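Novice: Sending over target_31.csv (CSV, C-alpha atoms and all ligand atoms).
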```
chain,number,residue,atom,x,y,z
A,934,MET,CA,0.0,0.0,0.0
A,935,PRO,CA,1.8,3.2,-1.1
A,936,LYS,CA,1.8,6.1,1.4
A,937,PRO,CA,-0.3,9.1,0.3
A,938,SER,CA,2.8,11.2,0.2
A,939,ASP,CA,4.5,8.8,-2.1
A,940,PRO,CA,2.0,8.2,-4.8
A,941,ALA,CA,2.4,4.9,-6.6
A,942,ARG,CA,6.1,5.0,-7.5
A,943,PRO,CA,6.5,2.1,-9.9
A,944,SER,CA,8.5,-0.8,-8.5
A,945,LYS,CA,12.0,-1.4,-10.0
A,946,ALA,CA,11.4,-5.2,-10.0
A,947,PRO,CA,9.9,-5.4,-13.5
A,948,THR,CA,12.9,-3.7,-14.9
A,949,TYR,CA,15.2,-6.1,-13.2
A,950,LEU,CA,13.1,-9.0,-14.6
A,951,THR,CA,13.6,-7.6,-18.1
A,952,VAL,CA,17.4,-7.4,-17.6
A,953,ILE,CA,17.5,-10.9,-16.3
A,954,GLY,CA,15.4,-12.1,-19.2
A,955,LEU,CA,17.7,-10.4,-21.7
A,956,THR,CA,20.7,-11.9,-20.0
A,957,LEU,CA,19.2,-15.4,-20.2
A,958,THR,CA,18.3,-14.9,-23.8
A,959,ALA,CA,21.8,-13.7,-24.6
A,960,VAL,CA,23.4,-16.7,-22.9
A,961,GLY,CA,21.0,-19.0,-24.8
A,962,ILE,CA,22.0,-17.4,-28.1
A,963,VAL,CA,25.7,-17.7,-27.3
A,964,ILE,CA,25.3,-21.4,-26.4
A,965,ALA,CA,23.4,-22.0,-29.6
A,966,ALA,CA,26.1,-20.0,-31.7
A,967,VAL,CA,28.9,-22.0,-30.1
A,968,MET,CA,27.1,-25.2,-30.9
A,969,PHE,CA,26.5,-24.1,-34.4
A,970,ILE,CA,30.2,-23.4,-35.0
A,971,GLY,CA,31.1,-26.6,-33.3
A,972,ALA,CA,28.8,-28.5,-35.7
A,973,LEU,CA,30.6,-27.2,-38.7
A,974,PRO,CA,32.4,-29.8,-40.9
A,975,GLY,CA,34.8,-31.8,-38.8
A,976,GLY,CA,33.1,-30.6,-35.5
A,977,LEU,CA,30.3,-32.2,-33.6
A,978,THR,CA,27.8,-34.6,-35.1
A,979,ALA,CA,24.1,-33.9,-35.0
A,980,SER,CA,23.5,-36.2,-32.0
A,981,GLU,CA,26.4,-34.7,-30.1
A,982,ALA,CA,25.1,-31.2,-30.7
A,983,ALA,CA,21.5,-32.0,-29.7
A,984,LEU,CA,21.9,-31.7,-25.9
A,985,PRO,CA,23.7,-28.3,-25.9
A,986,VAL,CA,21.3,-26.9,-28.5
A,987,THR,CA,18.4,-28.0,-26.3
A,988,VAL,CA,20.0,-26.4,-23.3
A,989,GLY,CA,20.5,-23.2,-25.3
A,990,LEU,CA,16.8,-23.2,-26.4
A,991,ILE,CA,15.6,-23.6,-22.8
A,992,TRP,CA,17.8,-20.6,-21.8
A,993,ILE,CA,16.1,-18.5,-24.5
A,994,LEU,CA,12.7,-19.8,-23.5
A,995,PHE,CA,13.3,-18.8,-19.8
A,996,GLY,CA,14.6,-15.4,-21.0
A,997,GLY,CA,11.5,-14.8,-23.1
A,998,CYS,CA,9.2,-15.7,-20.3
A,999,THR,CA,11.0,-13.4,-17.9
A,1000,ILE,CA,10.9,-10.5,-20.3
A,1001,LEU,CA,7.1,-11.0,-20.8
A,1002,VAL,CA,6.4,-11.2,-17.1
A,1003,GLY,CA,8.5,-8.0,-16.6
A,1004,SER,CA,6.7,-6.0,-19.2
A,1005,ALA,CA,3.3,-7.2,-17.9
A,1006,LEU,CA,4.2,-6.1,-14.4
A,1007,ARG,CA,5.5,-2.8,-15.7
A,1008,GLN,CA,2.2,-2.2,-17.5
A,1009,ARG,CA,0.2,-3.0,-14.4
A,1010,ALA,CA,2.3,-0.7,-12.3
A,1011,ARG,CA,1.7,2.1,-14.8
A,1012,LYS,CA,-2.0,1.5,-14.8
A,1013,GLN,CA,-2.1,1.7,-11.0
A,1014,ALA,CA,-0.1,4.9,-11.0
A,1015,GLU,CA,-2.7,6.4,-13.4
A,1016,ARG,CA,-5.6,5.2,-11.2
A,1017,HIS,CA,-4.1,6.4,-7.9
A,1018,PRO,CA,-4.7,10.2,-7.8
A,1019,SER,CA,-8.3,10.8,-6.5
A,1020,PRO,CA,-10.1,9.8,-9.7
A,1021,GLU,CA,-13.4,11.5,-9.0
A,1022,LEU,CA,-12.0,15.0,-8.8
A,1023,HIS,CA,-10.2,15.4,-12.1
A,1024,PRO,CA,-11.7,17.9,-14.5
A,1025,SER,CA,-10.3,16.9,-17.9
A,1026,SER,CA,-9.2,20.5,-18.4
A,1027,THR,CA,-6.9,21.2,-15.4
A,1028,VAL,CA,-4.5,24.0,-16.4
A,1029,GLY,CA,-2.1,23.9,-13.5
A,1030,GLU,CA,-1.7,23.7,-9.8
A,1031,MET,CA,-1.0,26.3,-7.2
A,1032,GLY,CA,1.9,28.6,-7.4
A,1033,THR,CA,1.2,31.7,-9.4
A,1034,GLY,CA,0.8,33.9,-6.5
A,1035,CYS,CA,-2.7,35.5,-7.0
A,1036,ALA,CA,-3.5,37.3,-3.7
A,1037,THR,CA,-7.2,36.5,-4.2
A,1038,CYS,CA,-7.8,33.0,-5.3
A,1039,GLU,CA,-4.5,31.5,-4.1
A,1040,THR,CA,-4.9,32.7,-0.5
A,1041,ALA,CA,-8.4,31.1,-0.3
A,1042,LEU,CA,-6.8,27.7,0.2
A,1043,VAL,CA,-6.4,27.0,3.9
A,1044,ARG,CA,-4.2,24.1,4.8
A,1045,ASN,CA,-4.3,21.9,7.9
A,1046,ALA,CA,-1.7,19.5,9.4
A,1047,GLY,CA,-2.9,16.5,7.4
A,1048,ARG,CA,-0.8,14.5,5.0
A,1049,PRO,CA,-1.1,15.7,1.3
A,1050,PRO,CA,-3.5,15.5,-0.4
A,1051,HIS,CA,-5.6,15.5,2.8
A,1052,ASP,CA,-4.0,18.7,4.0
A,1053,VAL,CA,-6.8,21.1,3.1
A,1054,ASP,CA,-9.0,22.6,5.8
A,1055,ILE,CA,-12.4,22.2,4.0
A,1056,ALA,CA,-14.4,24.4,6.3
A,1057,LYS,CA,-11.9,27.3,6.3
A,1058,THR,CA,-11.3,27.1,2.6
A,1059,SER,CA,-15.0,27.0,1.9
A,1060,ALA,CA,-15.5,30.0,4.2
A,1061,ALA,CA,-12.6,31.9,2.5
A,1062,LEU,CA,-14.2,31.3,-0.9
A,1063,GLU,CA,-17.7,32.5,0.3
A,1064,GLU,CA,-16.0,35.6,1.7
A,1065,ARG,CA,-14.4,36.4,-1.6
A,1066,VAL,CA,-17.7,35.8,-3.5
A,1067,ASP,CA,-19.5,38.0,-1.0
A,1068,ASP,CA,-17.1,40.9,-1.4
A,1069,GLY,CA,-16.9,40.6,-5.2
A,1070,ARG,CA,-13.3,39.5,-5.5
A,1071,MET,CA,-14.5,36.1,-6.9
A,1072,ARG,CA,-17.6,35.2,-8.9
A,1073,TYR,CA,-19.5,32.0,-8.4
A,1074,LEU,CA,-20.0,30.4,-11.8
A,1075,ARG,CA,-21.7,27.1,-11.3
A,1076,GLY,CA,-21.9,24.3,-8.8
A,1077,ASP,CA,-23.9,21.4,-7.6
A,1078,VAL,CA,-25.2,23.5,-4.7
A,1079,PRO,CA,-24.4,27.0,-3.4
A,1080,LEU,CA,-20.9,27.2,-1.7
A,1081,ALA,CA,-22.4,27.4,1.8
A,1082,ASP,CA,-24.3,24.2,1.2
A,1083,MET,CA,-21.4,22.1,-0.1
A,1084,LEU,CA,-20.2,20.9,3.3
A,1085,ALA,CA,-23.7,19.8,4.5
A,1086,LEU,CA,-24.2,17.8,1.3
A,1087,ALA,CA,-20.8,16.2,1.5
A,1088,GLN,CA,-21.4,15.2,5.1
A,1089,SER,CA,-24.7,13.6,4.2
A,1090,ASP,CA,-23.0,11.0,2.1
A,1091,LEU,CA,-25.8,11.3,-0.4
A,1092,LYS,CA,-23.7,12.5,-3.3
A,1093,TYR,CA,-20.3,11.3,-4.2
A,1094,THR,CA,-18.7,14.5,-5.5
A,1095,ILE,CA,-19.8,18.1,-4.8
A,1096,VAL,CA,-18.1,20.7,-6.9
A,1097,SER,CA,-18.2,24.4,-7.6
A,1098,PHE,CA,-16.5,26.6,-10.2
A,1099,LEU,CA,-15.5,30.1,-9.4
A,1100,HIS,CA,-14.0,33.0,-11.4
A,1101,CYS,CA,-11.2,35.0,-9.9
A,1102,GLU,CA,-11.8,38.7,-10.7
A,1103,GLU,CA,-8.1,39.5,-9.9
A,1104,CYS,CA,-6.3,37.0,-12.1
A,1105,GLY,CA,-9.1,36.1,-14.4
A,1106,ARG,CA,-8.7,32.4,-13.9
A,1107,THR,CA,-11.3,29.7,-13.2
A,1108,ARG,CA,-11.1,27.8,-10.0
A,1109,PHE,CA,-12.4,24.4,-9.2
A,1110,TRP,CA,-13.4,23.5,-5.7
A,1111,GLY,CA,-14.5,19.9,-5.2
A,1112,LEU,CA,-15.4,17.7,-2.2
A,1113,CYS,CA,-15.5,14.0,-2.5
A,1114,ILE,CA,-17.0,11.5,0.0
A,1115,ARG,CA,-14.0,9.2,0.0
A,1116,GLY,CA,-11.3,11.2,-1.5
A,1117,ALA,CA,-9.3,14.4,-0.7
A,1118,PRO,CA,-10.8,17.8,-1.5
A,1119,SER,CA,-9.5,19.5,-4.6
A,1120,TYR,CA,-8.9,23.2,-5.2
A,1121,LYS,CA,-7.2,24.1,-8.5
A,1122,VAL,CA,-7.1,26.2,-11.6
A,1123,VAL,CA,-9.0,24.9,-14.6
A,1124,ASP,CA,-9.9,25.9,-18.1
A,1125,ALA,CA,-12.6,28.6,-18.6
A,1126,GLU,CA,-14.7,25.9,-20.3
A,1127,ALA,CA,-14.4,23.4,-17.5
A,1128,PRO,CA,-17.8,24.3,-15.9
A,1129,SER,CA,-19.6,23.4,-19.2
A,1130,THR,CA,-17.7,20.2,-19.7
A,1131,TRP,CA,-18.0,18.9,-16.1
A,1132,PRO,CA,-20.2,15.8,-15.9
A,1133,TRP,CA,-23.0,17.4,-13.8
A,1134,ASP,CA,-25.4,15.0,-12.3
A,1135,ALA,CA,-28.5,15.2,-10.1
A,1136,VAL,CA,-28.4,16.6,-6.6
A,1137,PRO,CA,-30.5,14.8,-4.0
A,1138,ASP,CA,-33.5,16.7,-2.7
A,1139,ARG,CA,-32.3,19.5,-0.4
A,1140,LEU,CA,-34.8,18.4,2.4
A,1141,ARG,CA,-32.8,15.2,2.8
A,1142,TRP,CA,-29.4,16.9,3.6
A,1143,ALA,CA,-29.9,20.6,4.4
A,1144,PRO,CA,-29.1,21.6,8.0
A,1201,ZN,ZN,-6.8,34.7,-8.8
```
If you took the structure in this file and wrote it as structure tokens, what would it be?
Specialist:
Amino acid sequence: MPKPSDPARPSKAPTYLTVIGLTLTAVGIVIAAVMFIGALPGGLTASEAALPVTVGLIWILFGGCTILVGSALRQRARKQAERHPSPELHPSSTVGEMGTGCATCETALVRNAGRPPHDVDIAKTSAALEERVDDGRMRYLRGDVPLADMLALAQSDLKYTIVSFLHCEECGRTRFWGLCIRGAPSYKVVDAEAPSTWPWDAVPDRLRWAP
């Protein structure tokens, strides 16, 4: 089980397997070549060469199998690495992560002492975003529910992901703020088209989850 701070670093074992496989194959080829030269006129007879040639072929067979297993393992490791980062909160149009220093949208993210990516204080970040929308520094574009309702819906466990898109009036970028029942929250810069391409789905009746 990879630690959250160490997301799915592919194991080196498959690479070693491939190297071992190549070595085995090379040894097999060398044995076969030596036998072939030995079987030239005046060398070994066919029956004398049969055993070493068989041994060479077995080496090559082992090598081939090891290479196949290695590449299969490598492919599996790659697929796992792709699956690992919270799959539900990935707008296809992510532009970039934090780090451009906008005093409005950048500072809305409030961290806690958790391990990344679980190091976001959801309540404080949500409050910071509401504050920026209220005073006009950010504009609420679209969401499953109003910002102030996101936490209550998330806590109800009735909807898997709850997301909002906001426009930052200072830097002009679009921000994605998403909560997920089982995953980490996500706050990031996305394409301006992201709100229209997000796979919106039905929100449970508010009476079932509103405070
Ligand atoms: Zn901004």
Novice: Can you tell me, as an NGL selection string, what residues are no more than 10 Å from Cys1104 in chain A when counting all atoms listed in the file, ignoring any on the same chain fewer than 4 positions away?
Specialist: :A and (1033-1039 or 1070-1071 or 1100)
Novice: Using only C-alpha atoms, which residue out of A:Thr1130, A:Thr956, A:Ser1097, A:Gln1088 lies closest to Ser1059 in chain A?
Specialist: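 For Ser1059 in chain A, the nearest of the given residues is A:Ser1097.
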Novice: For a test of reading the model, state the distance in Å between CA of Lys1057 in chain A and CA of Leu1112 in chain A, rounded to one decimal.
Specialist: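 Computing the Euclidean distance for CA of Lys1057 in chain A and CA of Leu1112 in chain A yields 13.3 Å.
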Novice: Pick from A:Val1053, A:Leu1086, A:Asn1045, A:Phe1109: nearest to Tyr1073 in chain A, with only C-alpha atoms counted?
Specialist: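 Among the listed residues, the smallest separation from Tyr1073 in chain A belongs to A:Phe1109.
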Novice: A:Leu1140, A:Leu1099, A:Ile953, A:Leu1080: which is nearest Gly1003 in chain A, counting all atoms listed in the file?
Specialist: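 With all atoms listed in the file as the atom set, the closest residue is A:Ile953.
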Novice: Which of these residues is nearest to ligand ZN 1201 (chain A), using all atoms listed in the file: A:Ser1129, A:Ser980, A:Ser1089, A:Thr1040?
Specialist: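 Result for the nearest residue to ligand ZN 1201 (chain A): A:Thr1040.
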Novice: Can you give me N, CA and C atoms for range 982-1008 of chain A, written as an mmCIF file, keeping the file's coordinate frame?
Specialist:
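Contents of rebuild_19.cif, as written:
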```cif
data_model
loop_
_atom_site.group_PDB
_atom_site.id
_atom_site.type_symbol
_atom_site.label_atom_id
_atom_site.label_comp_id
_atom_site.auth_asym_id
_atom_site.auth_seq_id
_atom_site.Cartn_x
_atom_site.Cartn_y
_atom_site.Cartn_z
ATOM 1 N N ALA A 982 25.474 -32.584 -30.857
ATOM 2 C CA ALA A 982 25.100 -31.200 -30.700
ATOM 3 C C ALA A 982 23.674 -31.054 -30.076
ATOM 4 N N ALA A 983 22.884 -32.131 -30.122
ATOM 5 C CA ALA A 983 21.500 -32.000 -29.700
ATOM 6 C C ALA A 983 21.307 -31.525 -28.290
ATOM 7 N N LEU A 984 22.050 -32.082 -27.336
ATOM 8 C CA LEU A 984 21.900 -31.700 -25.900
ATOM 9 C C LEU A 984 22.197 -30.230 -25.690
ATOM 10 N N PRO A 985 23.410 -29.767 -26.103
ATOM 11 C CA PRO A 985 23.700 -28.300 -25.900
ATOM 12 C C PRO A 985 22.742 -27.399 -26.563
ATOM 13 N N VAL A 986 22.270 -27.766 -27.761
ATOM 14 C CA VAL A 986 21.300 -26.900 -28.500
ATOM 15 C C VAL A 986 20.012 -26.832 -27.670
ATOM 16 N N THR A 987 19.576 -27.977 -27.140
ATOM 17 C CA THR A 987 18.400 -28.000 -26.300
ATOM 18 C C THR A 987 18.537 -27.087 -25.109
ATOM 19 N N VAL A 988 19.718 -27.216 -24.464
ATOM 20 C CA VAL A 988 20.000 -26.400 -23.300
ATOM 21 C C VAL A 988 19.901 -24.896 -23.694
ATOM 22 N N GLY A 989 20.497 -24.554 -24.853
ATOM 23 C CA GLY A 989 20.500 -23.200 -25.300
ATOM 24 C C GLY A 989 19.032 -22.690 -25.544
ATOM 25 N N LEU A 990 18.208 -23.555 -26.160
ATOM 26 C CA LEU A 990 16.800 -23.200 -26.400
ATOM 27 C C LEU A 990 16.059 -22.943 -25.110
ATOM 28 N N ILE A 991 16.318 -23.787 -24.100
ATOM 29 C CA ILE A 991 15.600 -23.600 -22.800
ATOM 30 C C ILE A 991 16.031 -22.278 -22.182
ATOM 31 N N TRP A 992 17.309 -21.912 -22.269
ATOM 32 C CA TRP A 992 17.800 -20.600 -21.800
ATOM 33 C C TRP A 992 16.961 -19.491 -22.450
ATOM 34 N N ILE A 993 16.845 -19.585 -23.788
ATOM 35 C CA ILE A 993 16.100 -18.500 -24.500
ATOM 36 C C ILE A 993 14.673 -18.484 -24.110
ATOM 37 N N LEU A 994 14.082 -19.685 -23.892
ATOM 38 C CA LEU A 994 12.700 -19.800 -23.500
ATOM 39 C C LEU A 994 12.495 -19.070 -22.120
ATOM 40 N N PHE A 995 13.382 -19.418 -21.154
ATOM 41 C CA PHE A 995 13.300 -18.800 -19.800
ATOM 42 C C PHE A 995 13.432 -17.254 -19.972
ATOM 43 N N GLY A 996 14.394 -16.849 -20.808
ATOM 44 C CA GLY A 996 14.600 -15.400 -21.000
ATOM 45 C C GLY A 996 13.372 -14.728 -21.537
ATOM 46 N N GLY A 997 12.741 -15.352 -22.553
ATOM 47 C CA GLY A 997 11.500 -14.800 -23.100
ATOM 48 C C GLY A 997 10.426 -14.635 -22.127
ATOM 49 N N CYS A 998 10.223 -15.700 -21.319
ATOM 50 C CA CYS A 998 9.200 -15.700 -20.300
ATOM 51 C C CYS A 998 9.420 -14.539 -19.309
ATOM 52 N N THR A 999 10.681 -14.411 -18.872
ATOM 53 C CA THR A 999 11.000 -13.400 -17.900
ATOM 54 C C THR A 999 10.747 -11.992 -18.444
ATOM 55 N N ILE A 1000 11.094 -11.787 -19.718
ATOM 56 C CA ILE A 1000 10.900 -10.500 -20.300
ATOM 57 C C ILE A 1000 9.346 -10.186 -20.388
ATOM 58 N N LEU A 1001 8.551 -11.204 -20.747
ATOM 59 C CA LEU A 1001 7.100 -11.000 -20.800
ATOM 60 C C LEU A 1001 6.522 -10.675 -19.457
ATOM 61 N N VAL A 1002 6.931 -11.435 -18.422
ATOM 62 C CA VAL A 1002 6.400 -11.200 -17.100
ATOM 63 C C VAL A 1002 6.814 -9.745 -16.649
ATOM 64 N N GLY A 1003 8.054 -9.377 -16.946
ATOM 65 C CA GLY A 1003 8.500 -8.000 -16.600
ATOM 66 C C GLY A 1003 7.690 -6.948 -17.227
ATOM 67 N N SER A 1004 7.396 -7.096 -18.520
ATOM 68 C CA SER A 1004 6.700 -6.000 -19.200
ATOM 69 C C SER A 1004 5.201 -6.004 -18.719
ATOM 70 N N ALA A 1005 4.638 -7.191 -18.406
ATOM 71 C CA ALA A 1005 3.300 -7.200 -17.900
ATOM 72 C C ALA A 1005 3.201 -6.503 -16.553
ATOM 73 N N LEU A 1006 4.182 -6.764 -15.680
ATOM 74 C CA LEU A 1006 4.200 -6.100 -14.400
ATOM 75 C C LEU A 1006 4.370 -4.605 -14.500
ATOM 76 N N ARG A 1007 5.224 -4.200 -15.465
ATOM 77 C CA ARG A 1007 5.500 -2.800 -15.700
ATOM 78 C C ARG A 1007 4.177 -2.076 -16.098
ATOM 79 N N GLN A 1008 3.445 -2.761 -16.997
ATOM 80 C CA GLN A 1008 2.200 -2.200 -17.500
ATOM 81 C C GLN A 1008 1.195 -2.032 -16.345
#
```
